[in-house]
Amino acid sequence: MNEERILAELTEMIEVVLAEYGTGDVEIGMDTRFTDDLEMESIDLVALAGQLEERYGGRVNFAEFLADLELDEIIGLTVGALVTHVSGSLVGAAR
């Protein structure tokens, strides 16, 4: 699965998670930051993890991905970094 398609799927998931608040006028792209740009909080990331599991099953482990990051990396996490993780996880699962 290419990164463009993964980005589109993640964008939909983020919009579902933030449906109550909306994404404002932020256009979600590879450089969009979860904390600074989308103002997602930890509970929103938990909801996103649920969306990822629902879509990709056990092939993508978001909690494990976050556990490997330092706090400042989590705070600065971009949609692109998650796209890369999902892409790598799906490729690894296909082998």
# chains A, B, ... in the order shown; residues from 1 in each chain; ligands from 1

call {"tool": "residues_around", "arguments": {"residues": "range 27-44 of chain A", "least_positions_apart": "5", "cutoff": "8 Å", "atoms": "only C-alpha atoms", "output": "number ranges by chain"}}
result
A: 7, 11, 17-18, 75-81, 83

call {"tool": "residues_around", "arguments": {"residues": "Leu66 in chain A", "least_positions_apart": "4", "cutoff": "10 Å", "atoms": "only C-alpha atoms", "output": "PyMOL selection string"}}
result
chain A and resi 45+61-62+70-71+73-74+77+82

call {"tool": "closest_residue", "arguments": {"among": "A:Leu10, A:Val91, A:Met1, A:Ala67", "to": "Glu53 in chain A", "atoms": "only C-alpha atoms"}}
result
A:Leu10

call {"tool": "closest_residue", "arguments": {"among": "A:Phe65, A:Glu20, A:Arg55, A:Ala8", "to": "His85 in chain A", "atoms": "only C-alpha atoms"}}
result
A:Phe65

call {"tool": "select_by_dssp", "arguments": {"residues": "chain A", "states": "helix (DSSP H, G or I)", "output": "number ranges by chain"}}
result
A: 3-17, 42-59, 62-67, 71-75, 79-94

call {"tool": "residues_around", "arguments": {"residues": "Val60 in chain A", "least_positions_apart": "4", "cutoff": "10 Å", "atoms": "only C-alpha atoms", "output": "ChimeraX atom specification"}}
result
/A:49,52-56,64-65,85-90,92-93

call {"tool": "write_last_selection", "arguments": {"atoms": "N, CA, C and O atoms", "output": "PDB file, in the first residue's frame"}}
result
ATOM      1  N   ALA A  49      -5.513   5.090  18.023  1.00  0.00           N
ATOM      2  CA  ALA A  49      -4.977   3.727  18.094  1.00  0.00           C
ATOM      3  C   ALA A  49      -6.089   2.710  17.846  1.00  0.00           C
ATOM      4  O   ALA A  49      -5.890   1.712  17.146  1.00  0.00           O
ATOM      5  N   LEU A  52      -6.829   2.679  14.163  1.00  0.00           N
ATOM      6  CA  LEU A  52      -5.778   1.956  13.443  1.00  0.00           C
ATOM      7  C   LEU A  52      -5.961   0.450  13.576  1.00  0.00           C
ATOM      8  O   LEU A  52      -5.827  -0.286  12.602  1.00  0.00           O
ATOM      9  N   GLU A  53      -6.278  -0.001  14.791  1.00  0.00           N
ATOM     10  CA  GLU A  53      -6.462  -1.434  15.007  1.00  0.00           C
ATOM     11  C   GLU A  53      -7.681  -1.946  14.245  1.00  0.00           C
ATOM     12  O   GLU A  53      -7.656  -3.024  13.656  1.00  0.00           O
ATOM     13  N   GLU A  54      -8.739  -1.149  14.241  1.00  0.00           N
ATOM     14  CA  GLU A  54      -9.952  -1.531  13.519  1.00  0.00           C
ATOM     15  C   GLU A  54      -9.671  -1.670  12.015  1.00  0.00           C
ATOM     16  O   GLU A  54     -10.153  -2.591  11.361  1.00  0.00           O
ATOM     17  N   ARG A  55      -8.861  -0.774  11.483  1.00  0.00           N
ATOM     18  CA  ARG A  55      -8.576  -0.754  10.040  1.00  0.00           C
ATOM     19  C   ARG A  55      -7.539  -1.794   9.631  1.00  0.00           C
ATOM     20  O   ARG A  55      -7.679  -2.469   8.630  1.00  0.00           O
ATOM     21  N   TYR A  56      -6.455  -1.890  10.421  1.00  0.00           N
ATOM     22  CA  TYR A  56      -5.324  -2.729  10.011  1.00  0.00           C
ATOM     23  C   TYR A  56      -5.129  -3.968  10.879  1.00  0.00           C
ATOM     24  O   TYR A  56      -4.210  -4.742  10.639  1.00  0.00           O
ATOM     25  N   GLU A  64       2.928   0.423  20.682  1.00  0.00           N
ATOM     26  CA  GLU A  64       4.333   0.002  20.655  1.00  0.00           C
ATOM     27  C   GLU A  64       5.184   1.061  19.965  1.00  0.00           C
ATOM     28  O   GLU A  64       6.294   1.367  20.394  1.00  0.00           O
ATOM     29  N   PHE A  65       4.663   1.631  18.886  1.00  0.00           N
ATOM     30  CA  PHE A  65       5.354   2.698  18.156  1.00  0.00           C
ATOM     31  C   PHE A  65       5.609   3.889  19.079  1.00  0.00           C
ATOM     32  O   PHE A  65       6.723   4.400  19.158  1.00  0.00           O
ATOM     33  N   HIS A  85       5.426   4.660   9.606  1.00  0.00           N
ATOM     34  CA  HIS A  85       5.307   3.504  10.510  1.00  0.00           C
ATOM     35  C   HIS A  85       4.265   2.514   9.993  1.00  0.00           C
ATOM     36  O   HIS A  85       4.518   1.311   9.954  1.00  0.00           O
ATOM     37  N   VAL A  86       3.109   3.011   9.603  1.00  0.00           N
ATOM     38  CA  VAL A  86       2.040   2.134   9.093  1.00  0.00           C
ATOM     39  C   VAL A  86       2.522   1.412   7.839  1.00  0.00           C
ATOM     40  O   VAL A  86       2.364   0.195   7.706  1.00  0.00           O
ATOM     41  N   SER A  87       3.148   2.142   6.935  1.00  0.00           N
ATOM     42  CA  SER A  87       3.650   1.557   5.694  1.00  0.00           C
ATOM     43  C   SER A  87       4.646   0.439   5.993  1.00  0.00           C
ATOM     44  O   SER A  87       4.550  -0.664   5.443  1.00  0.00           O
ATOM     45  N   GLY A  88       5.590   0.710   6.884  1.00  0.00           N
ATOM     46  CA  GLY A  88       6.579  -0.290   7.255  1.00  0.00           C
ATOM     47  C   GLY A  88       5.958  -1.493   7.931  1.00  0.00           C
ATOM     48  O   GLY A  88       6.359  -2.639   7.691  1.00  0.00           O
ATOM     49  N   SER A  89       4.969  -1.250   8.771  1.00  0.00           N
ATOM     50  CA  SER A  89       4.281  -2.347   9.466  1.00  0.00           C
ATOM     51  C   SER A  89       3.520  -3.233   8.490  1.00  0.00           C
ATOM     52  O   SER A  89       3.542  -4.457   8.610  1.00  0.00           O
ATOM     53  N   LEU A  90       2.874  -2.611   7.522  1.00  0.00           N
ATOM     54  CA  LEU A  90       2.107  -3.386   6.543  1.00  0.00           C
ATOM     55  C   LEU A  90       3.030  -4.190   5.630  1.00  0.00           C
ATOM     56  O   LEU A  90       2.737  -5.333   5.292  1.00  0.00           O
ATOM     57  N   GLY A  92       6.047  -5.257   6.500  1.00  0.00           N
ATOM     58  CA  GLY A  92       6.580  -6.309   7.352  1.00  0.00           C
ATOM     59  C   GLY A  92       5.583  -7.442   7.564  1.00  0.00           C
ATOM     60  O   GLY A  92       5.948  -8.611   7.594  1.00  0.00           O
ATOM     61  N   ALA A  93       4.303  -7.079   7.699  1.00  0.00           N
ATOM     62  CA  ALA A  93       3.254  -8.080   7.932  1.00  0.00           C
ATOM     63  C   ALA A  93       2.992  -8.912   6.675  1.00  0.00           C
ATOM     64  O   ALA A  93       2.536 -10.048   6.764  1.00  0.00           O
TER      65      ALA A  93
END

call {"tool": "closest_residue", "arguments": {"among": "A:Arg59, A:Tyr21, A:Asp68, A:Met13", "to": "Ala47 in chain A", "atoms": "only C-alpha atoms"}}
result
A:Met13

call {"tool": "closest_residue", "arguments": {"among": "A:Val46, A:Leu69, A:Thr84, A:Gln51", "to": "Glu4 in chain A", "atoms": "only C-alpha atoms"}}
result
A:Thr84

call {"tool": "atom_distance", "arguments": {"atom1": "CA of Gly57 in chain A", "atom2": "CA of Gly24 in chain A"}}
result
29.2 Å
